[in-house]
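S.K.: File data-v1.cif follows (mmCIF, C-alpha atoms):
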```
data_model
loop_
_atom_site.label_atom_id
_atom_site.label_comp_id
_atom_site.auth_asym_id
_atom_site.auth_seq_id
_atom_site.Cartn_x
_atom_site.Cartn_y
_atom_site.Cartn_z
CA MET A 1 6.00 8.76 29.21
CA PHE A 2 3.96 5.88 27.88
CA ASN A 3 2.69 3.18 30.15
CA ARG A 4 2.98 -0.38 28.80
CA ALA A 5 -0.54 -0.46 27.32
CA GLU A 6 -0.13 2.92 25.61
CA LEU A 7 3.23 1.86 24.18
CA LEU A 8 1.72 -1.32 22.71
CA ILE A 9 -1.14 0.65 21.19
CA PHE A 10 1.35 3.14 19.73
CA LEU A 11 3.56 0.41 18.27
CA ARG A 12 0.68 -1.65 16.89
CA GLY A 13 -1.45 1.23 15.71
CA ALA A 14 -4.68 2.13 17.46
CA ASN A 15 -6.87 1.52 14.40
CA HIS A 16 -5.65 -1.93 13.44
CA LYS A 17 -6.20 -5.48 14.63
CA ASN A 18 -5.78 -9.05 13.48
CA GLN A 19 -2.04 -8.55 13.31
CA THR A 20 -0.74 -12.03 12.70
CA THR A 21 2.23 -13.59 11.03
CA LYS A 22 1.77 -16.24 8.37
CA GLU A 23 2.24 -18.83 11.12
CA GLY A 24 -0.80 -17.36 12.88
CA LYS A 25 1.19 -15.88 15.78
CA LYS A 26 0.51 -12.40 17.13
CA ASP A 27 3.12 -9.89 15.99
CA MET A 28 3.20 -6.83 18.25
CA PHE A 29 6.00 -5.24 16.20
CA PHE A 30 4.07 -5.67 12.96
CA GLY A 31 5.12 -2.56 11.08
CA MET A 32 8.61 -2.02 12.45
CA GLY A 33 11.56 -2.33 10.09
CA LYS A 34 9.60 -3.83 7.20
CA LYS A 35 7.67 -2.30 4.34
CA GLU A 36 3.92 -2.32 4.62
CA ILE A 37 1.80 -2.45 1.51
CA VAL A 38 -1.53 -0.66 1.93
CA ILE A 39 -4.65 -1.98 0.23
CA SER A 40 -7.62 0.40 0.20
CA SER A 41 -11.28 -0.36 0.62
CA PRO A 42 -12.96 -0.81 -2.76
CA VAL A 43 -16.32 0.32 -1.33
CA SER A 44 -17.76 2.59 1.32
CA GLY A 45 -19.61 0.85 4.10
CA LYS A 46 -19.11 -0.95 7.39
CA ILE A 47 -16.18 -3.29 8.03
CA LYS A 48 -16.97 -6.67 9.52
CA PRO A 49 -14.90 -9.82 10.03
CA VAL A 50 -15.15 -12.58 7.44
CA SER A 51 -15.79 -14.98 10.33
CA SER A 52 -19.28 -13.42 10.57
CA LEU A 53 -20.19 -14.46 7.00
CA LYS A 54 -22.46 -17.38 6.15
CA ASP A 55 -20.04 -18.62 3.50
CA LYS A 56 -17.47 -21.14 4.76
CA THR A 57 -15.03 -20.45 1.93
CA PHE A 58 -14.62 -16.91 3.21
CA SER A 59 -15.39 -17.33 6.92
CA ALA A 60 -12.82 -20.12 7.32
CA ASN A 61 -10.17 -18.22 5.29
CA ILE A 62 -9.88 -21.17 2.89
CA LEU A 63 -8.63 -18.92 0.07
CA GLY A 64 -6.53 -16.76 2.40
CA PRO A 65 -7.03 -14.09 5.04
CA GLY A 66 -9.83 -11.69 4.27
CA ILE A 67 -12.02 -8.85 5.42
CA ALA A 68 -15.60 -7.95 4.58
CA VAL A 69 -17.40 -4.65 4.03
CA ALA A 70 -21.19 -4.27 4.07
CA PRO A 71 -21.48 -1.79 1.18
CA GLU A 72 -23.17 1.59 1.16
CA GLY A 73 -23.30 2.36 -2.51
CA ASP A 74 -23.44 0.53 -5.78
CA PHE A 75 -19.90 0.50 -7.13
CA VAL A 76 -16.54 -1.19 -6.52
CA GLU A 77 -13.22 0.57 -7.07
CA ALA A 78 -9.75 -0.85 -7.64
CA PRO A 79 -8.22 -1.10 -4.13
CA ALA A 80 -4.69 -0.47 -5.44
CA ASP A 81 -2.70 0.11 -8.61
CA GLY A 82 -2.09 -3.13 -10.48
CA LYS A 83 -3.33 -5.54 -13.11
CA LEU A 84 -6.71 -7.22 -13.44
CA GLU A 85 -5.80 -10.88 -13.68
CA GLN A 86 -9.41 -11.98 -14.06
CA MET A 87 -12.66 -10.10 -14.37
CA PHE A 88 -15.36 -12.72 -13.92
CA GLU A 89 -17.80 -12.86 -16.84
CA THR A 90 -20.68 -12.43 -14.40
CA GLY A 91 -19.20 -9.16 -13.10
CA HIS A 92 -19.58 -10.24 -9.47
CA ALA A 93 -15.84 -10.56 -8.73
CA PHE A 94 -12.32 -9.91 -9.95
CA GLY A 95 -8.82 -11.06 -9.18
CA MET A 96 -5.92 -8.66 -9.37
CA THR A 97 -2.22 -8.39 -8.63
CA THR A 98 -1.17 -5.09 -7.10
CA ALA A 99 1.92 -3.24 -8.29
CA ASP A 100 3.59 -4.55 -5.10
CA GLY A 101 2.74 -8.19 -5.89
CA VAL A 102 -0.22 -8.76 -3.58
CA GLU A 103 -2.77 -11.08 -5.20
CA LEU A 104 -6.33 -10.12 -4.27
CA LEU A 105 -9.79 -11.48 -4.81
CA VAL A 106 -12.56 -8.88 -4.60
CA HIS A 107 -15.96 -10.58 -4.44
CA VAL A 108 -19.33 -8.78 -4.39
CA GLY A 109 -21.93 -10.67 -2.41
CA LEU A 110 -22.31 -14.25 -1.24
CA ASP A 111 -23.28 -16.84 -3.87
CA THR A 112 -23.96 -14.00 -6.32
CA VAL A 113 -22.35 -16.02 -9.12
CA ARG A 114 -25.78 -17.68 -9.29
CA LEU A 115 -27.22 -14.41 -10.59
CA LYS A 116 -25.30 -15.06 -13.84
CA GLY A 117 -24.42 -11.40 -14.27
CA ARG A 118 -27.86 -9.95 -13.53
CA HIS A 119 -27.57 -6.66 -11.62
CA PHE A 120 -23.81 -6.27 -12.34
CA LYS A 121 -21.97 -4.08 -14.83
CA LYS A 122 -18.23 -4.46 -15.24
CA PHE A 123 -15.86 -1.69 -16.35
CA GLY A 124 -12.70 -3.67 -16.95
CA LYS A 125 -11.47 -6.87 -18.51
CA SER A 126 -8.81 -9.43 -17.74
CA GLY A 127 -5.35 -8.05 -18.50
CA ASP A 128 -6.23 -4.38 -17.94
CA SER A 129 -3.92 -2.16 -15.90
CA VAL A 130 -5.85 -0.30 -13.19
CA LYS A 131 -5.20 2.58 -10.84
CA LYS A 132 -6.44 2.79 -7.28
CA GLY A 133 -9.93 4.27 -7.38
CA ASP A 134 -10.81 3.15 -10.92
CA ARG A 135 -14.43 2.01 -11.04
CA LEU A 136 -14.46 -1.69 -11.89
CA ILE A 137 -17.94 -2.95 -11.00
CA GLU A 138 -21.35 -1.36 -10.63
CA PHE A 139 -24.10 -3.38 -8.97
CA ASP A 140 -27.74 -2.89 -8.05
CA GLU A 141 -27.69 -3.58 -4.32
CA ASN A 142 -31.47 -3.40 -3.92
CA ALA A 143 -32.14 -5.81 -6.78
CA ILE A 144 -29.52 -8.27 -5.50
CA ARG A 145 -30.98 -8.17 -1.99
CA GLY A 146 -34.44 -8.45 -3.50
CA GLU A 147 -33.42 -11.80 -4.96
CA GLY A 148 -32.33 -12.93 -1.49
CA TYR A 149 -28.56 -12.46 -1.72
CA ASP A 150 -26.17 -10.86 0.76
CA THR A 151 -24.26 -7.97 -0.90
CA THR A 152 -21.24 -7.97 1.44
CA VAL A 153 -18.00 -7.23 -0.44
CA VAL A 154 -15.13 -9.54 0.51
CA LEU A 155 -11.40 -8.94 -0.07
CA VAL A 156 -9.03 -11.90 0.24
CA VAL A 157 -5.22 -11.90 0.11
CA LEU A 158 -4.52 -14.98 -2.02
CA ASN A 159 -0.72 -15.14 -1.71
CA GLN A 160 -0.20 -14.57 2.00
CA ASP A 161 2.71 -17.03 2.01
CA ARG A 162 4.86 -14.47 0.12
CA PHE A 163 4.54 -12.01 3.00
CA LYS A 164 5.38 -11.75 6.68
CA GLY A 165 1.84 -10.94 7.76
CA VAL A 166 -1.51 -9.34 7.00
CA ARG A 167 -3.58 -7.07 9.19
CA PHE A 168 -6.96 -5.40 8.80
CA ALA A 169 -8.70 -2.20 9.83
CA GLU A 170 -11.03 -2.54 12.79
CA GLU A 171 -14.77 -3.06 12.47
CA GLY A 172 -16.69 0.11 11.79
CA PRO A 173 -17.36 2.61 9.02
CA ILE A 174 -14.99 3.05 6.10
CA ARG A 175 -14.98 5.03 2.86
CA ALA A 176 -13.87 3.77 -0.52
CA GLY A 177 -10.17 4.56 -0.85
CA ASP A 178 -9.42 4.45 2.88
CA PRO A 179 -6.77 1.96 4.10
CA LEU A 180 -8.33 -1.45 4.80
CA ILE A 181 -5.50 -4.03 4.63
CA TRP A 182 -1.81 -3.81 5.48
CA VAL A 183 0.52 -6.47 4.10
CA ARG A 184 3.99 -6.70 5.63
CA THR A 185 6.88 -7.69 3.41
CA LYS A 186 9.47 -10.25 4.51
#
```
Would you mind writing the file's structure down as structure tokens?

M.R.:
Amino acid sequence: MFNRAELLIFLRGANHKNQTTKEGKKDMFFGMGKKEIVISSPVSGKIKPVSSLKDKTFSANILGPGIAVAPEGDFVEAPADGKLEQMFETGHAFGMTTADGVELLVHVGLDTVRLKGRHFKKFGKSGDSVKKGDRLIEFDENAIRGEGYDTTVVLVVLNQDRFKGVRFAEEGPIRAGDPLIWVRTK
């Protein structure tokens, strides 16, 4: 028999938090009876909340709900199957729509657009179809840090209003390709 706390952990999933509806209310039955779309981590590293970032656009969720990963490695993979809607000329970010219709922004570093492409190599272009795990960006983490920039990789769900809710993996280590974001359909 489960006690109340164990039952809630079982229903919500022990490795997930930030389970909110689009109205910002807690949703303890997040995954029950609805489809969940899984978005994988595009990098290996350590998960941290966007609220900890020194960039108000991300930390205040202005673009949508997001999650951050302090990278361990120098490449970014496609977090899901889908289409590259925009590969930024500077190679520091891309926007994509997953095969399930989730619009994502994947952004490498804070204010790294100011590097004007230095230390970034892109492997895709706008309009390309991609598969989960495809290498899309390579970056020189040491060189970027050497110029005084934070290399944290941020993922933002841009069209949250189309879905019932978004939840994120808990803080801690993660590998590229591991589940990072769950989006619940309406």

S.K.: State, in Å with one decimal place, the distance from atom CA of A:Phe94 to atom CA of A:Pro42.

M.R.: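 Here the two named atoms are 11.6 Å from each other.
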
S.K.: Kindly resolve the PyMOL selection byres ((chain A and resi 59-62) around 12) on the present coordinates and return the residues as a PyMOL selection string.

M.R.: chain A and resi 48-58+63-68+110+154-160

S.K.: Could the residues in this selection be saved with C-alpha atoms as an mmCIF file, in the frame of the given file?

M.R.:
```cif
data_model
loop_
_atom_site.group_PDB
_atom_site.id
_atom_site.type_symbol
_atom_site.label_atom_id
_atom_site.label_comp_id
_atom_site.auth_asym_id
_atom_site.auth_seq_id
_atom_site.Cartn_x
_atom_site.Cartn_y
_atom_site.Cartn_z
ATOM 1 C CA LYS A 48 -16.970 -6.670 9.520
ATOM 2 C CA PRO A 49 -14.900 -9.820 10.030
ATOM 3 C CA VAL A 50 -15.150 -12.580 7.440
ATOM 4 C CA SER A 51 -15.790 -14.980 10.330
ATOM 5 C CA SER A 52 -19.280 -13.420 10.570
ATOM 6 C CA LEU A 53 -20.190 -14.460 7.000
ATOM 7 C CA LYS A 54 -22.460 -17.380 6.150
ATOM 8 C CA ASP A 55 -20.040 -18.620 3.500
ATOM 9 C CA LYS A 56 -17.470 -21.140 4.760
ATOM 10 C CA THR A 57 -15.030 -20.450 1.930
ATOM 11 C CA PHE A 58 -14.620 -16.910 3.210
ATOM 12 C CA LEU A 63 -8.630 -18.920 0.070
ATOM 13 C CA GLY A 64 -6.530 -16.760 2.400
ATOM 14 C CA PRO A 65 -7.030 -14.090 5.040
ATOM 15 C CA GLY A 66 -9.830 -11.690 4.270
ATOM 16 C CA ILE A 67 -12.020 -8.850 5.420
ATOM 17 C CA ALA A 68 -15.600 -7.950 4.580
ATOM 18 C CA LEU A 110 -22.310 -14.250 -1.240
ATOM 19 C CA VAL A 154 -15.130 -9.540 0.510
ATOM 20 C CA LEU A 155 -11.400 -8.940 -0.070
ATOM 21 C CA VAL A 156 -9.030 -11.900 0.240
ATOM 22 C CA VAL A 157 -5.220 -11.900 0.110
ATOM 23 C CA LEU A 158 -4.520 -14.980 -2.020
ATOM 24 C CA ASN A 159 -0.720 -15.140 -1.710
ATOM 25 C CA GLN A 160 -0.200 -14.570 2.000
#
```

S.K.: Select, from A:Gly146, A:Phe120, A:Ser41, A:Ile137, the residue with the minimum atom-to-atom distance to A:Ile181, counting all atoms listed in the file.

M.R.: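 Distance minimum relative to A:Ile181 lands on A:Ser41.
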
S.K.: What do you get, as JSON, numbers by chain, if you spell out every residue that the PyMOL selection byres ((chain A and resi 150) around 10) selects here?

M.R.: {"A": [53, 54, 70, 108, 109, 110, 111, 112, 141, 144, 145, 146, 147, 148, 149, 151, 152, 153]}

S.K.: Compare A:Glu89, A:Glu138, A:Glu103, A:Asp128 by their minimum atom-to-atom distance to A:Asp161, counting all atoms listed in the file, and give me the closest one.

M.R.: A:Glu103

S.K.: For A:Gly177, work out the shell of residues within 12 Å, counting all atoms listed in the file and skipping chain neighbours fewer than 5 positions away, then give it as a short mmCIF file (atom, residue, chain, number, x, y, z; two decimals) with C-alpha atoms, in the frame of the given file.

M.R.:
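Once written, selection.cif looks like this:
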```cif
data_model
loop_
_atom_site.label_atom_id
_atom_site.label_comp_id
_atom_site.auth_asym_id
_atom_site.auth_seq_id
_atom_site.Cartn_x
_atom_site.Cartn_y
_atom_site.Cartn_z
CA VAL A 38 -1.53 -0.66 1.93
CA ILE A 39 -4.65 -1.98 0.23
CA SER A 40 -7.62 0.40 0.20
CA SER A 41 -11.28 -0.36 0.62
CA PRO A 42 -12.96 -0.81 -2.76
CA VAL A 43 -16.32 0.32 -1.33
CA SER A 44 -17.76 2.59 1.32
CA GLY A 45 -19.61 0.85 4.10
CA VAL A 76 -16.54 -1.19 -6.52
CA GLU A 77 -13.22 0.57 -7.07
CA ALA A 78 -9.75 -0.85 -7.64
CA PRO A 79 -8.22 -1.10 -4.13
CA ALA A 80 -4.69 -0.47 -5.44
CA ASP A 81 -2.70 0.11 -8.61
CA LYS A 131 -5.20 2.58 -10.84
CA LYS A 132 -6.44 2.79 -7.28
CA GLY A 133 -9.93 4.27 -7.38
CA ASP A 134 -10.81 3.15 -10.92
CA ARG A 135 -14.43 2.01 -11.04
#
```

S.K.: Of the residues A:Val113, A:Ser129, A:Lys186, A:Val106, which is the one nearest to A:Gly82, using all atoms listed in the file?

M.R.: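 The answer is A:Ser129, which sits nearest to A:Gly82.
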
S.K.: Near A:Lys125, within 8 Å and counting only C-alpha atoms, which residues show up once chain neighbours fewer than 4 positions away are dropped, as a VMD selection string?

M.R.: chain A and resid 84 86 to 87

S.K.: For those residues, write C-alpha atoms to a file as a PDB file, in the frame of the given file.

M.R.:
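Result went into result07.pdb, see below:
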```
ATOM      1  CA  LEU A  84      -6.710  -7.220 -13.440  1.00  0.00           C
ATOM      2  CA  GLN A  86      -9.410 -11.980 -14.060  1.00  0.00           C
ATOM      3  CA  MET A  87     -12.660 -10.100 -14.370  1.00  0.00           C
TER       4      MET A  87
END
```

S.K.: For atom CA of A:Trp182 and atom CA of A:Gly165, determine how far apart the two atoms are, in Å to one decimal place.

M.R.: 8.3 Å

S.K.: What is the distance, in Å and to one decimal place, between atom CA of A:Ala143 and atom CA of A:Ala176?

M.R.: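 These two atoms are separated by 21.6 Å.
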
S.K.: Given the choices A:Glu170, A:Glu36, A:Gly73, A:Asp178, which gets closest to A:Asn142 if the distance is worked out from all atoms listed in the file?

M.R.: A:Gly73

S.K.: Pick out the closest residue to A:Leu104 from this set: A:Lys35, A:Asp74, A:Ile174, A:Val183. Count only C-alpha atoms.

M.R.: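 Checking each of A:Lys35, A:Asp74, A:Ile174, A:Val183 against A:Leu104, counting only C-alpha atoms, the winner is A:Val183.
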
S.K.: From the set A:Gly101, A:Gly117, A:Gly127, A:Pro173, which residue has the shortest atom-to-atom contact distance to A:Phe139, counting all atoms listed in the file?

M.R.: A:Gly117
